[in-house]
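K.L.:
What follows is the file protein-v2.pdb, containing PDB, C-alpha atoms, pLDDT in the B column:
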```pdb
ATOM      1  CA  MET A  16      83.468 130.741 101.102  1.00 84.00           C
ATOM      2  CA  LEU A  17      86.694 128.847 101.751  1.00 87.00           C
ATOM      3  CA  LYS A  18      89.606 129.838 103.931  1.00 88.00           C
ATOM      4  CA  PRO A  19      92.783 127.847 103.200  1.00 88.00           C
ATOM      5  CA  ILE A  20      95.487 128.432 105.791  1.00 91.00           C
ATOM      6  CA  ASP A  21      99.109 128.040 104.663  1.00 92.00           C
ATOM      7  CA  SER A  22     101.503 126.962 107.423  1.00 93.00           C
ATOM      8  CA  GLY A  23     104.360 128.832 105.768  1.00 92.00           C
ATOM      9  CA  CYS A  24     108.082 128.078 106.001  1.00 92.00           C
ATOM     10  CA  VAL A  25     111.353 129.886 106.734  1.00 92.00           C
ATOM     11  CA  GLN A  26     110.887 132.030 103.593  1.00 93.00           C
ATOM     12  CA  HIS A  27     107.088 132.463 103.737  1.00 93.00           C
ATOM     13  CA  PRO A  28     105.037 133.537 106.795  1.00 95.00           C
ATOM     14  CA  PRO A  29     101.889 131.573 107.740  1.00 94.00           C
ATOM     15  CA  ARG A  30      98.796 133.179 106.250  1.00 92.00           C
ATOM     16  CA  PRO A  31      95.084 132.654 105.776  1.00 92.00           C
ATOM     17  CA  ILE A  32      93.518 133.269 102.374  1.00 86.00           C
ATOM     18  CA  THR A  33      89.793 133.915 101.882  1.00 89.00           C
ATOM     19  CA  LEU A  34      88.248 132.659  98.628  1.00 89.00           C
ATOM     20  CA  THR A  35      84.676 132.772  97.359  1.00 91.00           C
ATOM     21  CA  GLY A  36      82.560 131.393  94.517  1.00 92.00           C
ATOM     22  CA  GLN A  37      84.139 129.396  91.689  1.00 93.00           C
ATOM     23  CA  THR A  38      87.647 130.266  92.890  1.00 92.00           C
ATOM     24  CA  ALA A  39      86.909 128.678  96.270  1.00 90.00           C
ATOM     25  CA  ALA A  40      85.510 125.563  94.590  1.00 89.00           C
ATOM     26  CA  LEU A  41      88.475 125.198  92.218  1.00 92.00           C
ATOM     27  CA  VAL A  42      91.124 125.765  94.898  1.00 88.00           C
ATOM     28  CA  GLY A  43      89.304 123.337  97.194  1.00 87.00           C
ATOM     29  CA  CYS A  44      89.510 120.642  94.492  1.00 89.00           C
ATOM     30  CA  LEU A  45      93.178 121.348  93.855  1.00 89.00           C
ATOM     31  CA  VAL A  46      94.099 121.267  97.540  1.00 87.00           C
ATOM     32  CA  LEU A  47      92.234 117.993  98.054  1.00 85.00           C
ATOM     33  CA  ASN A  48      94.457 116.452  95.352  1.00 88.00           C
ATOM     34  CA  LEU A  49      97.640 117.328  97.277  1.00 88.00           C
ATOM     35  CA  PRO A  50      99.190 114.611  99.478  1.00 88.00           C
ATOM     36  CA  PRO A  51      97.374 114.531 102.838  1.00 87.00           C
ATOM     37  CA  THR A  52      99.068 114.368 106.260  1.00 86.00           C
ATOM     38  CA  GLU A  53      97.640 114.507 109.768  1.00 86.00           C
ATOM     39  CA  ALA A  54      98.158 118.294 109.752  1.00 83.00           C
ATOM     40  CA  GLY A  55      96.616 118.929 106.310  1.00 87.00           C
ATOM     41  CA  HIS A  56      97.589 118.798 102.630  1.00 90.00           C
ATOM     42  CA  THR A  57     101.243 119.406 101.754  1.00 90.00           C
ATOM     43  CA  TYR A  58     103.130 121.011  98.893  1.00 90.00           C
ATOM     44  CA  ILE A  59     106.711 122.149  98.255  1.00 92.00           C
ATOM     45  CA  CYS A  60     107.315 125.872  97.653  1.00 93.00           C
ATOM     46  CA  GLU A  61     109.799 127.361  95.190  1.00 95.00           C
ATOM     47  CA  HIS A  62     112.450 127.364  97.971  1.00 94.00           C
ATOM     48  CA  GLY A  63     112.128 123.594  98.478  1.00 95.00           C
ATOM     49  CA  HIS A  64     110.322 123.846 101.820  1.00 95.00           C
ATOM     50  CA  THR A  65     107.236 121.858 102.783  1.00 92.00           C
ATOM     51  CA  HIS A  66     104.053 123.847 103.385  1.00 92.00           C
ATOM     52  CA  CYS A  67     100.864 122.464 104.871  1.00 92.00           C
ATOM     53  CA  LEU A  68      97.429 123.733 103.793  1.00 89.00           C
ATOM     54  CA  THR A  69      94.330 123.263 105.886  1.00 87.00           C
ATOM     55  CA  LEU A  70      90.867 124.058 104.563  1.00 80.00           C
ATOM     56  CA  GLN A  71      88.368 125.820 106.774  1.00 76.00           C
ATOM     57  CA  PRO A  72      84.913 126.319 105.247  1.00 63.00           C
ATOM     58  CA  ARG A  73      83.249 129.450 106.555  1.00 57.00           C
ATOM     59  CA  GLU A  74      79.589 130.111 107.317  1.00 57.00           C
ATOM     60  CA  GLY A  75      77.572 131.391 104.413  1.00 54.00           C
ATOM     61  CA  ASN A  76      79.351 129.116 101.936  1.00 45.00           C
ATOM     62  CA  VAL A  77      77.601 129.649  98.624  1.00 45.00           C
ATOM     63  CA  ALA A  78      80.046 127.660  96.499  1.00 45.00           C
ATOM     64  CA  PRO A  79      79.585 123.927  96.008  1.00 47.00           C
ATOM     65  CA  THR A  80      81.719 121.745  98.209  1.00 45.00           C
ATOM     66  CA  PRO A  81      85.046 120.915  96.525  1.00 45.00           C
ATOM     67  CA  SER A  82      84.266 117.199  96.255  1.00 45.00           C
ATOM     68  CA  ARG A  83      81.125 117.902  94.191  1.00 43.00           C
ATOM     69  CA  VAL A  84      82.284 120.631  91.800  1.00 41.00           C
ATOM     70  CA  GLY A  85      81.217 120.293  88.183  1.00 41.00           C
ATOM     71  CA  PHE A  86      82.998 122.334  85.539  1.00 37.00           C
ATOM     72  CA  THR A  87      80.246 123.053  83.083  1.00 39.00           C
ATOM     73  CA  GLY A  88      81.532 126.336  81.668  1.00 39.00           C
ATOM     74  CA  ASN A  89      84.478 124.854  79.766  1.00 38.00           C
ATOM     75  CA  PRO A  90      83.875 121.604  77.817  1.00 40.00           C
ATOM     76  CA  ALA A  91      87.629 120.872  77.854  1.00 43.00           C
ATOM     77  CA  LEU A  92      87.428 120.487  81.654  1.00 41.00           C
ATOM     78  CA  ASN A  93      84.503 118.029  81.602  1.00 39.00           C
ATOM     79  CA  HIS A  94      86.324 114.688  81.748  1.00 39.00           C
TER
END
```
Produce structure tokens that represent the structure in this file.

P.N.:
Amino acid sequence: MLKPIDSGCVQHPPRPITLTGQTAALVGCLVLNLPPTEAGHTYICEHGHTHCLTLQPREGNVAPTPSRVGFTGNPALNH
């Protein structure tokens, strides 16, 4: 299980998101490819504001850690 927390901006409130399984693994990989800062990983929303995402693994994590995910279900993703 993975719980990314979005810092929000003027247009978007801060919010936690709970993800499990393959979704958690995929989102973890994507977030880790965002530019890192001391506060977390950043991205720009559709309003042009900077958001910061922090990843908080939760107990009972059954998904592989994002740094070790293998995409075996779709050959196009195996690069």

K.L.:
Pick out the closest residue to Gly55 (chain A) from this set: A:Asp21, A:Val42, A:Cys67, A:Met16. Count all atoms listed in the file.

P.N.:
A:Cys67

K.L.:
For Ala54 (chain A), which residue out of A:Ser22, A:Ala39, A:Pro28, A:Gln71 is the nearest one, using all atoms listed in the file?

P.N.:
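When distances to Ala54 (chain A) are compared using all atoms listed in the file, the smallest one comes from A:Ser22.
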
K.L.:
Which residues would end up in the selection if the PyMOL selection byres ((chain A and resi 29) around 12) were applied here, given that I need the answer as a VMD selection string?

P.N.:
chain A and resid 19 to 28 30 to 32 66 to 69

K.L.:
Measuring between all atoms listed in the file, which one of A:Leu45, A:Ile59, A:Leu34, A:Ala40 shows the shortest distance to Lys18 (chain A)?

P.N.:
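So, comparing all the options, the nearest one is A:Leu34.
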
K.L.:
Just how far from CA of His64 (chain A) is CA of Thr52 (chain A), in Å to one decimal?

P.N.:
15.4 Å

K.L.:
Mind pulling up the distance from CA of Gly43 (chain A) to CA of Tyr58 (chain A)?

P.N.:
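A separation of 14.1 Å between them.
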
K.L.:
Take CA of Glu61 (chain A) and CA of Val46 (chain A) and report the distance between them in Å, one decimal.

P.N.:
17.0 Å

K.L.:
Closest to Gly36 (chain A) among A:Leu49, A:Leu70, A:Gly63, A:Leu17, using all atoms listed in the file?

P.N.:
A:Leu17
